[in-house]
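A.B. asks: Mind looking over this structure? Questions follow.
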Amino acid sequence: MYRSLVWIARIILGLAALAVVAVIAFWAIAPGYVGAARNNVLDHGPYPVSEEAQALHDRLIVGDWHADPLLWKRDLNKRGDWGQVDFPRLQEGNVAVQVFTAVTKSPAGQNYEENSAEAFDNITLLAFGQRWPMRTWDSLYERARYQAEKLHGFAAENSDVTIITSAEDLERVLADRAAGGRQIGAILGIEGAHALEADMANLDGLVEAGYRLIGLHHFFDNALGGSLHGLNPAGLSDFGREVVAEVAARPLILDLAHSSPQVVRDVIEMTDIPLVISHTGVSVFCQTQRNLPDDLMQAVAGTGGVIGLGYWDEVTCGKFDPSGIAAMAVAAVELLGEDHVSLGSDFDGSVETAFDTSELAALTQAMLDAGLSEDQIAKIMGENMVRVLRARLGD
């Protein structure tokens, strides 16, 4: 009997030890493997960039409305060997302003057609696997706060990074770059106001953490209303209207990416601010569930707002190399006007791309090749974004 008990105890201890080893291996290996697999850059040779295009690119203010590197376990102050964006590569790509967006929930089986808010949440497993603080494991709000803390930590260690929370911060970054400096202006954005956890008081906490761009939805319906990819394409709820009114009343940017068509209509009807769709394509170029109808895009442009063009397969119908994105930009200018087209890469947003942020001069070259003028390229690459930021952050 005693020997049996000893044998059983040894088995239990052995299994426990194996479990500990498995967890440690998971923590050590899985985050990098998953991050690299989810944010691949296709193998390619150097994109040719003429001296003329490079000189133009070097003069541009370049801005990007949407990237998700804060989701992954990486030091953004080091040039990564996977993923698509970090601070060294932003400098190589001459990027002046980058929005860093916090993802707080992602349903298992995520797709562009139909997702349930009750599906298993992938970010819960990611938070555990990447050893985020325990407070983030069951709180979307705390996940947003933690990702903001990560960005503040990177900025504290990098004198070339300024977190923009006001128009004054923006102007300092632009003045530095005009004088030949290398400052990058980083703006915090939230991908889906489900991070509020249906509590309006949490908006104060997000603003205090540095968030200035507020997206209403991600891939599922939430307390604010219907998602473009949810089960119910409803408009704004009463809570959603309250949030929209509060965001519009503050020096914040309102992002309609992933919101249902009816939510977009409701927001346009109840606000008089320039609105943003941070990362998308245009249906006139690529007809897909992910891209809103052309008339809604035109209505957003009619607010004085902008549409951020993404760099991945599903919004470009497979034409996501620099020449394909340039062709989409031409179609967007024809549809919306040159003052309402921006960039919204979705880098590191679980998308495969044909280039990373260090190679943006290739996009400038492709836009020249597509027949866009230097003035139009300057607007698309960043001037339109800066105009909206000045209008909203200066309120």
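In the structure tokens, each chain is lettered A, B, ... as it comes, each chain's residues begin at 1, and ligands are numbered from 1 in order of appearance.
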DSSP says strand (DSSP E or B) for which residues of region 7-246 of chain A? Put them as a PyMOL selection string?
C.D. replies: chain A and resi 41+62-67+95-102+107+121+161-163+184-190+211-215+222+225+227+236
A.B. asks: I want to know what sits within 12 Å of Ala223 (chain A), based on only C-alpha atoms, with residues of the same chain fewer than 2 positions away left out; could you give that as a ChimeraX atom specification?
C.D. replies: /A:117,192-200,216-218,220-221,225-227,232,234-243
A.B. asks: Can you pull out every residue within 10 Å of Tyr112 (chain A), counting only C-alpha atoms, but drop anything in the same chain fewer than 4 positions away, and send it as an mmCIF file with N, CA and C atoms, in the first residue's frame?
C.D. replies:
data_model
loop_
_atom_site.group_PDB
_atom_site.id
_atom_site.type_symbol
_atom_site.label_atom_id
_atom_site.label_comp_id
_atom_site.auth_asym_id
_atom_site.auth_seq_id
_atom_site.Cartn_x
_atom_site.Cartn_y
_atom_site.Cartn_z
ATOM 1 N N PHE A 219 -14.877 43.472 -34.309
ATOM 2 C CA PHE A 219 -15.492 42.436 -35.142
ATOM 3 C C PHE A 219 -16.817 41.899 -34.612
ATOM 4 N N PHE A 220 -17.417 42.546 -33.637
ATOM 5 C CA PHE A 220 -18.635 42.011 -33.021
ATOM 6 C C PHE A 220 -19.474 43.179 -32.512
ATOM 7 N N LEU A 228 -19.933 46.031 -38.276
ATOM 8 C CA LEU A 228 -19.978 45.649 -39.684
ATOM 9 C C LEU A 228 -19.877 44.138 -39.847
ATOM 10 N N HIS A 229 -19.392 43.462 -38.817
ATOM 11 C CA HIS A 229 -19.139 42.025 -38.898
ATOM 12 C C HIS A 229 -19.879 41.258 -37.800
ATOM 13 N N GLY A 230 -20.907 41.843 -37.210
ATOM 14 C CA GLY A 230 -21.598 41.212 -36.099
ATOM 15 C C GLY A 230 -22.829 40.439 -36.525
ATOM 16 N N HIS A 258 -14.985 49.367 -38.813
ATOM 17 C CA HIS A 258 -15.673 48.182 -38.281
ATOM 18 C C HIS A 258 -17.107 48.467 -37.801
ATOM 19 N N THR A 288 -16.191 44.126 -51.279
ATOM 20 C CA THR A 288 -16.072 43.098 -50.258
ATOM 21 C C THR A 288 -16.812 43.551 -49.010
ATOM 22 N N GLN A 289 -17.189 42.593 -48.165
ATOM 23 C CA GLN A 289 -17.904 42.913 -46.927
ATOM 24 C C GLN A 289 -17.118 43.876 -46.046
ATOM 25 N N ARG A 290 -15.789 43.813 -46.096
ATOM 26 C CA ARG A 290 -14.955 44.646 -45.222
ATOM 27 C C ARG A 290 -15.037 46.125 -45.577
ATOM 28 N N ASN A 291 -15.331 46.446 -46.841
ATOM 29 C CA ASN A 291 -15.339 47.828 -47.296
ATOM 30 C C ASN A 291 -16.768 48.362 -47.367
ATOM 31 N N GLU A 314 -7.596 41.482 -48.082
ATOM 32 C CA GLU A 314 -9.059 41.510 -48.083
ATOM 33 C C GLU A 314 -9.659 42.870 -48.418
#
A.B. asks: Skipping near chain neighbours, those fewer than 4 positions away, what residues fall within 7 Å of region 97-109 of chain A using only C-alpha atoms, listed as a ChimeraX atom specification?
C.D. replies: /A:62-68,70-71,115,117,119-123,140,143-144,147,184-191,195,219
